[in-house]
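With mmCIF, C-alpha atoms inside, this is query_36.cif:
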data_structure
#
loop_
_atom_site.label_atom_id
_atom_site.label_comp_id
_atom_site.auth_asym_id
_atom_site.auth_seq_id
_atom_site.Cartn_x
_atom_site.Cartn_y
_atom_site.Cartn_z
CA MET L 341 -27.92 -67.53 120.60
CA ASP L 342 -27.67 -66.41 124.19
CA ASN L 343 -28.84 -63.19 125.74
CA PHE L 344 -25.44 -61.61 125.42
CA GLU L 345 -25.41 -62.13 121.65
CA LYS L 346 -29.01 -61.04 121.28
CA HIS L 347 -28.30 -57.90 123.27
CA ILE L 348 -25.39 -56.95 121.02
CA ARG L 349 -27.32 -57.58 117.80
CA LYS L 350 -30.31 -55.69 119.11
CA ASN L 351 -28.17 -52.67 119.86
CA LYS L 352 -25.99 -52.91 116.79
CA ALA L 353 -26.73 -49.30 115.84
CA GLN L 354 -24.82 -48.15 118.91
CA PHE L 355 -21.67 -49.68 117.48
CA ASP L 356 -21.90 -47.42 114.44
CA GLY L 357 -20.92 -44.26 116.26
CA GLN L 358 -18.20 -43.14 113.84
CA LYS L 359 -18.93 -40.47 111.27
CA ALA L 360 -17.10 -40.44 107.97
CA ASP L 361 -15.70 -37.27 106.44
CA ARG L 362 -18.32 -37.43 103.70
CA VAL L 363 -17.16 -34.50 101.58
CA LYS L 364 -13.52 -35.54 101.52
CA LEU L 365 -14.26 -39.20 100.79
CA TRP L 366 -16.72 -38.37 98.02
CA ALA L 367 -14.25 -36.00 96.36
CA ASN L 368 -11.68 -38.81 96.29
CA ILE L 369 -14.22 -41.33 95.02
CA GLU L 370 -15.48 -39.00 92.29
CA ALA L 371 -11.92 -38.31 91.15
CA LYS L 372 -11.40 -42.03 90.57
CA LEU L 373 -14.66 -42.57 88.71
CA ASP L 374 -14.98 -42.08 84.96
CA PRO L 375 -16.63 -38.84 83.86
CA PRO L 376 -20.43 -39.19 83.77
CA LYS L 377 -21.69 -40.83 80.60
CA GLN L 378 -23.75 -38.80 78.15
CA LYS L 379 -26.90 -40.52 76.99
CA VAL L 380 -26.34 -41.72 73.44
CA ILE L 381 -29.28 -42.21 71.11
CA PRO L 382 -28.52 -45.33 69.09
CA LEU L 383 -29.35 -43.91 65.64
CA TRP L 384 -27.25 -46.57 63.93
CA LYS L 385 -29.74 -49.22 64.97
CA SER L 386 -32.16 -48.05 62.25
CA PRO L 387 -31.07 -49.22 58.77
CA MET L 388 -32.92 -46.32 57.08
CA LEU L 389 -31.14 -43.75 59.22
CA ARG L 390 -27.88 -45.54 58.58
CA ILE L 391 -28.34 -45.26 54.82
CA ALA L 392 -29.49 -41.65 55.09
CA ALA L 393 -26.47 -40.75 57.20
CA THR L 394 -24.13 -42.48 54.74
CA VAL L 395 -25.64 -40.60 51.80
CA LEU L 396 -25.35 -37.31 53.70
CA ILE L 397 -21.73 -37.97 54.55
CA VAL L 398 -20.87 -38.90 50.96
CA LEU L 399 -22.68 -35.82 49.64
CA GLY L 400 -20.99 -33.64 52.21
CA ILE L 401 -17.53 -34.94 51.38
CA SER L 402 -18.04 -34.70 47.62
CA ARG L 403 -19.44 -31.21 47.98
CA LEU L 404 -16.53 -30.13 50.11
CA LEU L 405 -14.04 -31.59 47.62
CA GLY L 406 -15.98 -30.15 44.68
CA VAL L 407 -16.18 -26.70 46.21
CA SER L 408 -12.51 -26.62 47.05
CA PHE L 409 -11.60 -27.91 43.56
CA LEU L 410 -13.84 -25.38 41.84
CA SER L 411 -12.74 -22.55 44.04
CA ASN L 412 -9.11 -23.43 43.29
CA SER L 413 -9.63 -23.57 39.55
CA ASP L 414 -11.80 -20.44 39.66
CA SER L 415 -9.23 -18.37 41.44
CA GLU L 416 -6.50 -19.73 39.19
CA ASN L 417 -8.55 -19.09 36.07
CA SER L 418 -9.45 -15.60 37.15
CA PHE L 419 -5.83 -14.87 37.93
CA VAL L 420 -4.65 -16.22 34.57
CA SER L 421 -7.47 -14.57 32.58
CA ARG L 422 -6.73 -11.23 34.24
CA GLU L 423 -3.11 -11.51 33.19
CA LEU L 424 -4.17 -12.47 29.68
CA GLN L 425 -6.62 -9.57 29.59
CA ASP L 426 -3.81 -7.16 30.43
CA ILE L 427 -1.66 -8.59 27.66
CA ASP L 428 -4.54 -8.51 25.17
CA MET L 429 -5.39 -4.93 26.04
CA HIS L 430 -1.82 -3.82 25.60
CA TYR L 431 -1.00 -5.61 22.37
CA GLN L 432 -4.38 -5.79 20.61
CA GLY L 433 -4.51 -2.00 20.46
CA LEU L 434 -1.04 -1.80 18.96
CA VAL L 435 -1.68 -4.59 16.45
CA SER L 436 -5.07 -3.31 15.27
CA TYR L 437 -3.69 0.23 14.90
CA GLN L 438 -0.82 -1.01 12.76
CA VAL L 439 -3.04 -3.36 10.75
CA GLN L 440 -5.18 -0.36 9.93
CA LEU L 441 -2.08 1.57 8.87
CA VAL L 442 -1.17 -1.25 6.49
CA GLN L 443 -4.66 -1.48 5.07
CA LYS L 444 -4.84 2.25 4.53
CA ASN L 445 -1.46 2.39 2.89
CA GLU L 446 -1.99 3.27 -0.71
CA SER L 447 1.43 2.23 -1.92
CA LEU L 448 0.67 -1.41 -1.13
CA SER L 449 -1.08 -3.55 -3.72
CA ASP L 450 -4.14 -5.58 -2.70
CA ALA L 451 -2.14 -8.77 -3.22
CA ASP L 452 0.56 -7.58 -0.82
CA LYS L 453 -2.09 -6.59 1.70
CA ALA L 454 -3.78 -10.00 1.39
CA GLU L 455 -0.45 -11.80 1.81
CA PHE L 456 0.36 -9.70 4.86
CA LEU L 457 -3.06 -10.29 6.39
CA SER L 458 -2.80 -14.04 5.77
CA PHE L 459 0.34 -13.96 7.93
CA MET L 460 -1.67 -12.19 10.55
CA ASP L 461 -4.41 -14.85 10.29
CA GLU L 462 -1.82 -17.56 10.87
CA LEU L 463 -0.69 -15.75 13.98
CA ASP L 464 -4.36 -15.43 15.03
CA VAL L 465 -4.75 -19.21 14.77
CA GLU L 466 -1.59 -19.67 16.84
CA TYR L 467 -2.94 -17.22 19.39
CA GLU L 468 -6.22 -19.16 19.72
CA GLN L 469 -4.28 -22.38 20.25
CA LEU L 470 -2.28 -20.74 22.98
CA ARG L 471 -5.46 -19.56 24.67
CA LEU L 472 -6.86 -23.11 24.64
CA GLU L 473 -3.55 -24.40 25.94
CA MET L 474 -3.79 -22.04 28.85
CA GLN L 475 -7.31 -23.23 29.70
CA ASN L 476 -5.92 -26.76 29.96
CA ASN L 477 -3.97 -25.40 32.88
CA LEU L 478 -0.56 -26.37 31.64
CA ASP L 479 2.49 -24.29 32.41
CA ASN L 480 0.76 -20.88 32.36
CA ASP L 481 3.89 -18.78 32.47
CA LEU L 482 5.26 -20.43 29.35
CA VAL L 483 1.94 -20.11 27.51
CA LEU L 484 1.66 -16.43 28.46
CA GLU L 485 5.18 -15.87 27.22
CA ALA L 486 4.25 -17.57 23.94
CA ILE L 487 1.18 -15.33 23.60
CA VAL L 488 3.29 -12.25 24.20
CA SER L 489 5.83 -13.38 21.61
CA ASN L 490 2.91 -14.05 19.23
CA TYR L 491 1.83 -10.44 19.59
CA ARG L 492 5.41 -9.23 19.24
CA LYS L 493 5.80 -11.19 15.99
CA ARG L 494 2.77 -9.47 14.54
CA ILE L 495 3.98 -6.05 15.60
CA GLU L 496 7.47 -6.82 14.31
CA LEU L 497 5.99 -7.99 11.04
CA ILE L 498 3.93 -4.85 10.65
CA GLU L 499 6.81 -2.60 11.68
CA ASN L 500 9.12 -4.25 9.14
CA LEU L 501 6.53 -3.86 6.45
CA LEU L 502 5.89 -0.24 7.28
CA ARG L 503 9.64 0.47 7.52
CA GLN L 504 10.18 -1.05 4.08
CA LEU L 505 7.35 1.02 2.68
CA ASN L 506 8.76 4.20 4.18
CA LYS L 507 12.23 3.38 2.86
CA SER L 508 10.95 2.91 -0.68
CA LYS L 509 9.01 6.18 -0.29
CA LEU L 510 12.18 7.96 0.82
CA LYS L 511 14.06 6.56 -2.17
CA ASP L 512 11.35 7.85 -4.50
CA ASP L 513 11.47 11.22 -2.78
CA ASP L 514 15.28 11.37 -3.09
CA TYR L 515 15.13 10.59 -6.71
CA GLY L 516 12.54 13.20 -7.15
CA TYR L 517 14.70 15.65 -5.23
CA THR L 518 17.85 14.90 -7.26
CA LEU L 519 15.99 14.94 -10.44
CA MET I 494 -41.00 -59.93 101.46
CA GLU I 495 -37.38 -61.02 101.06
CA THR I 496 -37.59 -60.22 97.36
CA GLU I 497 -38.69 -56.68 98.15
CA ILE I 498 -35.73 -56.18 100.50
CA ARG I 499 -33.29 -57.31 97.83
CA PHE I 500 -34.58 -54.60 95.50
CA THR I 501 -34.10 -51.80 98.05
CA HIS I 502 -32.98 -48.61 96.23
CA LYS I 503 -33.39 -50.40 92.91
CA SER I 504 -34.00 -47.22 90.93
CA LEU I 505 -30.92 -45.57 92.43
CA VAL I 506 -28.86 -48.66 91.70
CA GLU I 507 -30.11 -48.84 88.13
CA SER I 508 -29.39 -45.20 87.35
CA SER I 509 -26.00 -45.56 89.02
CA LYS I 510 -25.29 -48.48 86.70
CA SER I 511 -25.74 -46.16 83.74
CA GLY I 512 -23.22 -43.77 85.29
CA ASP I 513 -25.59 -41.17 86.77
CA ARG I 514 -23.36 -39.30 89.22
CA ASN I 515 -26.26 -37.91 91.23
CA SER I 516 -27.65 -41.39 91.93
CA GLN I 517 -24.20 -42.67 92.81
CA HIS I 518 -23.85 -39.83 95.29
CA GLN I 519 -27.24 -40.63 96.84
CA LEU I 520 -26.21 -44.27 97.32
CA TYR I 521 -22.93 -43.09 98.81
CA GLU I 522 -24.75 -40.83 101.27
CA LEU I 523 -26.99 -43.73 102.33
CA TYR I 524 -24.17 -46.16 103.02
CA VAL I 525 -20.96 -44.27 103.71
CA ASP I 526 -21.26 -44.13 107.51
CA ALA I 527 -22.17 -47.80 107.84
CA MET I 528 -19.24 -48.77 105.61
CA TYR I 529 -16.87 -46.45 107.44
CA ASN I 530 -17.85 -48.02 110.77
CA ILE I 531 -17.18 -51.49 109.38
CA GLY I 532 -13.76 -50.32 108.17
CA MET I 533 -12.98 -48.77 111.54
CA ARG I 534 -14.01 -51.92 113.43
CA PHE I 535 -11.67 -54.06 111.35
CA LEU I 536 -8.76 -51.70 110.88
CA GLY I 537 -8.96 -49.37 113.86
CA ILE I 538 -7.08 -46.60 112.03
CA LYS I 539 -9.01 -43.69 110.55
CA GLU I 540 -6.81 -43.26 107.45
CA ASP I 541 -6.86 -46.98 106.65
CA ALA I 542 -10.63 -47.12 107.05
CA GLU I 543 -11.06 -44.09 104.77
CA ASP I 544 -8.86 -45.63 102.08
CA ILE I 545 -10.80 -48.89 102.22
CA VAL I 546 -14.17 -47.15 102.06
CA GLN I 547 -13.12 -44.98 99.13
CA ASP I 548 -11.73 -47.94 97.18
CA SER I 549 -14.83 -49.98 97.96
CA PHE I 550 -17.22 -47.35 96.59
CA VAL I 551 -15.08 -46.87 93.48
CA ASP I 552 -14.98 -50.64 92.90
CA ALA I 553 -18.70 -50.94 93.59
CA PHE I 554 -19.68 -48.22 91.09
CA LYS I 555 -17.29 -49.53 88.46
CA ASN I 556 -18.57 -53.09 88.84
CA LEU I 557 -22.20 -52.32 89.47
CA HIS I 558 -23.17 -54.13 86.26
CA ASN I 559 -22.18 -57.34 88.08
CA PHE I 560 -24.72 -56.67 90.84
CA LYS I 561 -27.78 -58.84 90.06
CA TYR I 562 -29.92 -58.30 93.18
CA GLU I 563 -28.93 -61.63 94.71
CA SER I 564 -28.64 -59.65 97.95
CA THR I 565 -29.36 -56.04 98.88
CA PHE I 566 -27.01 -53.41 97.50
CA GLY I 567 -25.94 -52.72 101.10
CA SER I 568 -24.94 -56.37 101.67
CA TRP I 569 -23.09 -56.45 98.38
CA LEU I 570 -21.22 -53.27 99.24
CA LYS I 571 -20.54 -54.49 102.78
CA ARG I 572 -18.97 -57.63 101.38
CA ILE I 573 -16.61 -55.50 99.29
CA VAL I 574 -15.62 -53.42 102.34
CA ILE I 575 -15.07 -56.51 104.49
CA ASN I 576 -13.05 -58.31 101.81
CA LYS I 577 -10.87 -55.25 101.31
CA SER I 578 -10.41 -54.84 105.06
CA ILE I 579 -9.39 -58.48 105.50
CA ASN I 580 -7.01 -58.22 102.53
CA HIS I 581 -5.55 -55.07 104.00
CA LEU I 582 -4.83 -56.92 107.24
CA LYS I 583 -3.32 -59.83 105.28
CA VAL I 584 -0.99 -57.42 103.47
CA LYS I 585 0.04 -56.05 106.86
CA ARG I 586 0.63 -59.68 107.87
CA LEU I 587 -1.50 -59.37 110.96
CA PRO I 588 -2.87 -62.62 112.42
CA LEU I 589 -6.48 -62.89 111.26
CA ALA I 590 -7.56 -65.59 113.67
CA ALA I 591 -6.05 -66.74 116.94
CA MET I 592 -5.38 -70.33 116.06
CA GLU I 593 -4.10 -71.75 119.34
CA ASP I 594 -5.43 -75.23 120.11
CA HIS I 595 -8.83 -74.61 118.56
CA GLU I 596 -8.93 -78.31 117.61
CA TYR I 597 -9.55 -79.15 121.25
CA HIS I 598 -12.31 -76.68 121.76
CA LEU I 599 -15.19 -77.95 123.87
CA THR I 600 -18.43 -77.45 122.08
CA GLU I 601 -20.78 -77.29 125.01
CA GLU I 602 -22.65 -74.06 125.32
CA GLN I 603 -21.48 -72.01 128.24
CA SER I 604 -23.74 -69.60 129.97
CA TYR I 605 -22.54 -66.02 130.11
CA GLU I 606 -23.97 -64.35 133.13
CA PRO I 607 -25.15 -60.82 132.55
CA VAL I 608 -22.87 -59.15 135.11
CA ASP I 609 -22.06 -55.84 133.42
CA ALA I 610 -21.93 -57.51 130.05
CA MET I 611 -25.02 -55.67 128.92
CA ASP I 612 -23.34 -52.28 129.00
CA ILE I 613 -22.81 -51.47 125.32
CA GLU I 614 -19.96 -49.06 125.99
CA LYS I 615 -18.12 -51.74 127.95
CA ILE I 616 -18.77 -54.28 125.18
CA LYS I 617 -17.31 -51.84 122.64
CA ARG I 618 -14.21 -51.30 124.75
CA GLY I 619 -13.98 -55.03 125.38
CA ILE I 620 -14.05 -55.79 121.65
CA GLU I 621 -11.25 -53.26 121.09
CA LYS I 622 -9.13 -55.11 123.63
CA LEU I 623 -9.58 -58.50 121.95
CA PRO I 624 -6.73 -60.06 119.97
CA LEU I 625 -7.19 -59.16 116.28
CA GLY I 626 -8.33 -62.62 115.19
CA TYR I 627 -11.00 -62.78 117.88
CA LYS I 628 -12.08 -59.24 117.19
CA ASN I 629 -12.64 -59.98 113.50
CA ILE I 630 -14.78 -63.00 114.19
CA ILE I 631 -16.86 -61.19 116.81
CA ASN I 632 -17.35 -58.32 114.39
CA LEU I 633 -18.35 -60.58 111.52
CA TYR I 634 -20.68 -62.79 113.51
CA LEU I 635 -22.31 -60.43 115.98
CA LEU I 636 -22.22 -57.07 114.21
CA GLU I 637 -22.17 -57.86 110.48
CA GLY I 638 -24.53 -60.80 110.92
CA TYR I 639 -22.40 -63.26 108.94
CA ASP I 640 -22.89 -66.96 109.53
CA HIS I 641 -19.92 -69.32 109.97
CA MET I 642 -20.03 -70.36 106.32
CA GLU I 643 -19.63 -66.74 105.21
CA ILE I 644 -16.97 -66.07 107.85
CA GLY I 645 -15.09 -69.14 106.59
CA GLU I 646 -15.17 -67.77 103.05
CA VAL I 647 -14.07 -64.26 103.98
CA MET I 648 -11.35 -65.31 106.43
CA GLY I 649 -10.17 -68.34 104.45
CA ILE I 650 -10.83 -70.77 107.30
CA SER I 651 -13.10 -73.77 107.70
CA VAL I 652 -16.61 -73.53 109.13
CA SER I 653 -15.59 -75.54 112.21
CA THR I 654 -12.60 -73.30 112.84
CA SER I 655 -14.86 -70.29 112.54
CA LYS I 656 -17.25 -71.77 115.09
CA SER I 657 -14.57 -72.71 117.60
CA GLN I 658 -12.80 -69.38 117.22
CA TYR I 659 -16.05 -67.53 117.75
CA HIS I 660 -16.77 -69.37 121.00
CA ARG I 661 -13.29 -68.66 122.26
CA ALA I 662 -13.58 -65.04 121.25
CA LYS I 663 -16.90 -64.63 123.01
CA LYS I 664 -15.55 -66.20 126.19
CA LYS I 665 -12.54 -63.93 126.06
CA LEU I 666 -14.73 -60.90 125.48
CA VAL I 667 -16.86 -61.61 128.55
CA GLU I 668 -13.72 -62.05 130.61
CA ILE I 669 -12.41 -58.70 129.44
CA ILE I 670 -15.72 -56.93 130.08
CA LYS I 671 -15.73 -58.24 133.64
CA THR I 672 -12.43 -56.55 134.25
CA LEU I 673 -13.65 -53.18 133.00
#
Could I get this file's structure written as C-alpha cells?
Amino acid sequence: MDNFEKHIRKNKAQFDGQKADRVKLWANIEAKLDPPKQKVIPLWKSPMLRIAATVLIVLGISRLLGVSFLSNSDSENSFVSRELQDIDMHYQGLVSYQVQLVQKNESLSDADKAEFLSFMDELDVEYEQLRLEMQNNLDNDLVLEAIVSNYRKRIELIENLLRQLNKSKLKDDDYGYTL
Amino acid sequence: METEIRFTHKSLVESSKSGDRNSQHQLYELYVDAMYNIGMRFLGIKEDAEDIVQDSFVDAFKNLHNFKYESTFGSWLKRIVINKSINHLKVKRLPLAAMEDHEYHLTEEQSYEPVDAMDIEKIKRGIEKLPLGYKNIINLYLLEGYDHMEIGEVMGISVSTSKSQYHRAKKKLVEIIKTL
C-alpha cells in the first residue's frame, strides 16, 4: 500500500460528510417492521400448568353451558308455572265452590255424591298427569289447553248436576203449586 | 481482541433480535450516517441512497436472527447496504467495472507522487469524476476496506480482475486529481 492509499484510509472519516435525514428514514423503516413483540411467558411448557389450564377451561365451558341451560329452563319454567298458577287460581275457586254446593245439597243421596266426587277424582288424576306432562317441557300450549278443558269439564259436570237438581226441585214445587 | 470487536453492541443486537424497538432504534442511530454515506458513494443520488439504506435496515432487523457474530454488526450491515447498492446499479444496467483490456494490465507497482494528491477534497472530487466501475472499486477497496476476494464476490468478478481494475482506477484517479 502506497502513501496515497494510506492517506485516504487514514482520513476515511472525511469521506463520510453526508448526513442522513434520520427522522424520515426511521419513520419509513419502522413502518415496514412488524409491530414490537410482547414478551410471552411460556406457561404451556409446564405439564402441571397445562393440566390445570385444561381443567379450568373445561370447568369454565361446562359452567357456562350449565348456567345458560339452567337459566333457560328456569325462565321457561317460571313463565309456564305463572300461567298455570293463573289458570289454577281462576278455576280452582270455581270448582271448589261448586263442589261445596254439591256436598251441601240435601236432595242428593250420599251414593250420588260419592259417584259425582269419584268423577271429580278422575279429573284430578288427569290434571296431575297434565301437570307432569308440562314439566317434561313438551308442547306447553297444548298441555295448558288440556288443563283448562279439564277444569271446564269439572265445572260443566257440576253445573249439569246442579241444573238437574234445580229442575227436579222446580217440578216438585210445580206439583205442589198445582196440587 | 478481535473477538471483543465482533461482539460490539452485543446487548443492543440481542434485544433487537427479540424485536425491541428501542434497541433497534439505537442501532439505527449508531449506523445510519455511515450507511447513508456508503449508499451515496455508490449511487450518487440522495433518493436512491435513502431507499437503499431504509431497505437495508428493514432487512437487517428482519433477518437479525441470522447474524451470528462472525463479523461486527456494522460490517454485516455494511455488506447488506453494499450488496443492495450494487444490485441497484445492476438493475439500472450501469457498467459495474470498466473492463477494457484489463487482461493486459502490467502488474508492476507504480509510484504515485504526492503532488496535490493528498488534498482530501480533491480526492473526493476526483473519485466522483471516475467512471462508475472504477469508482466502485476505489470505494470498496480504499474506503470500505474490502480485499480483492470480497470485491470479487460483491461485484461478481474474479480476484485478478478486481486487482487489475483497482490499479487502473487508482492511476486514473491520480490523473484526474492532477487536473483539478
Using the chain letters and numbers from the file, give me the residues hit by the PyMOL selection byres ((chain I) within 10 of (chain L)), as a tab-separated table (two decimals) with C-alpha atoms, keeping the file's coordinate frame.
chain	number	residue	atom	x	y	z
I	509	SER	CA	-26.00	-45.56	89.02
I	511	SER	CA	-25.74	-46.16	83.74
I	512	GLY	CA	-23.22	-43.77	85.29
I	513	ASP	CA	-25.59	-41.17	86.77
I	514	ARG	CA	-23.36	-39.30	89.22
I	515	ASN	CA	-26.26	-37.91	91.23
I	517	GLN	CA	-24.20	-42.67	92.81
I	518	HIS	CA	-23.85	-39.83	95.29
I	521	TYR	CA	-22.93	-43.09	98.81
I	522	GLU	CA	-24.75	-40.83	101.27
I	525	VAL	CA	-20.96	-44.27	103.71
I	526	ASP	CA	-21.26	-44.13	107.51
I	527	ALA	CA	-22.17	-47.80	107.84
I	528	MET	CA	-19.24	-48.77	105.61
I	529	TYR	CA	-16.87	-46.45	107.44
I	530	ASN	CA	-17.85	-48.02	110.77
I	531	ILE	CA	-17.18	-51.49	109.38
I	533	MET	CA	-12.98	-48.77	111.54
I	534	ARG	CA	-14.01	-51.92	113.43
I	539	LYS	CA	-9.01	-43.69	110.55
I	542	ALA	CA	-10.63	-47.12	107.05
I	543	GLU	CA	-11.06	-44.09	104.77
I	544	ASP	CA	-8.86	-45.63	102.08
I	546	VAL	CA	-14.17	-47.15	102.06
I	547	GLN	CA	-13.12	-44.98	99.13
I	548	ASP	CA	-11.73	-47.94	97.18
I	549	SER	CA	-14.83	-49.98	97.96
I	550	PHE	CA	-17.22	-47.35	96.59
I	551	VAL	CA	-15.08	-46.87	93.48
I	552	ASP	CA	-14.98	-50.64	92.90
I	554	PHE	CA	-19.68	-48.22	91.09
I	555	LYS	CA	-17.29	-49.53	88.46
I	602	GLU	CA	-22.65	-74.06	125.32
I	603	GLN	CA	-21.48	-72.01	128.24
I	604	SER	CA	-23.74	-69.60	129.97
I	605	TYR	CA	-22.54	-66.02	130.11
I	606	GLU	CA	-23.97	-64.35	133.13
I	607	PRO	CA	-25.15	-60.82	132.55
I	610	ALA	CA	-21.93	-57.51	130.05
I	611	MET	CA	-25.02	-55.67	128.92
I	612	ASP	CA	-23.34	-52.28	129.00
I	613	ILE	CA	-22.81	-51.47	125.32
I	614	GLU	CA	-19.96	-49.06	125.99
I	616	ILE	CA	-18.77	-54.28	125.18
I	617	LYS	CA	-17.31	-51.84	122.64
I	631	ILE	CA	-16.86	-61.19	116.81
I	634	TYR	CA	-20.68	-62.79	113.51
I	635	LEU	CA	-22.31	-60.43	115.98
I	636	LEU	CA	-22.22	-57.07	114.21
I	637	GLU	CA	-22.17	-57.86	110.48
I	638	GLY	CA	-24.53	-60.80	110.92
I	663	LYS	CA	-16.90	-64.63	123.01
I	667	VAL	CA	-16.86	-61.61	128.55
Distance query 7 Å from (1.2, -10.1, 10.9) using only C-alpha atoms, result as an MDAnalysis selection string: chainID L and resid 456:457 459:460 463 493:495 497:498
Contacts of region 426-431 of chain L at 9 Å (only C-alpha atoms; same-chain gap of 3+ positions) as number ranges by chain: L: 421-423, 434-436, 484, 487-488, 491-492, 495
Atom pair CA of Asp464 (chain L) / CA of Gln440 (chain L): separation (Å): 15.9 Å
Lys665 (chain I) environment, 12 Å, only C-alpha atoms, sequence neighbours closer than 2 positions dropped, as number ranges by chain: I: 591, 605, 616, 619-624, 626-628, 631, 658-663, 667-672
CA of Glu496 (chain L) to CA of Glu473 (chain L), straight-line distance in Å: 23.8 Å
Point-to-point distance in Å for CA of Val465 (chain L) and CA of Leu501 (chain L):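 So the two atoms, CA of Leu501 (chain L) and CA of Val465 (chain L), lie 20.8 Å apart.
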Contacts of region 565-573 of chain I at 7 Å (only C-alpha atoms; same-chain gap of 5+ positions) as a list in words: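 Once the nearby chain positions are removed, what remains is Ile498, Arg499, Phe500, Thr501, Met528, Ser549 and Ala553 of chain I.
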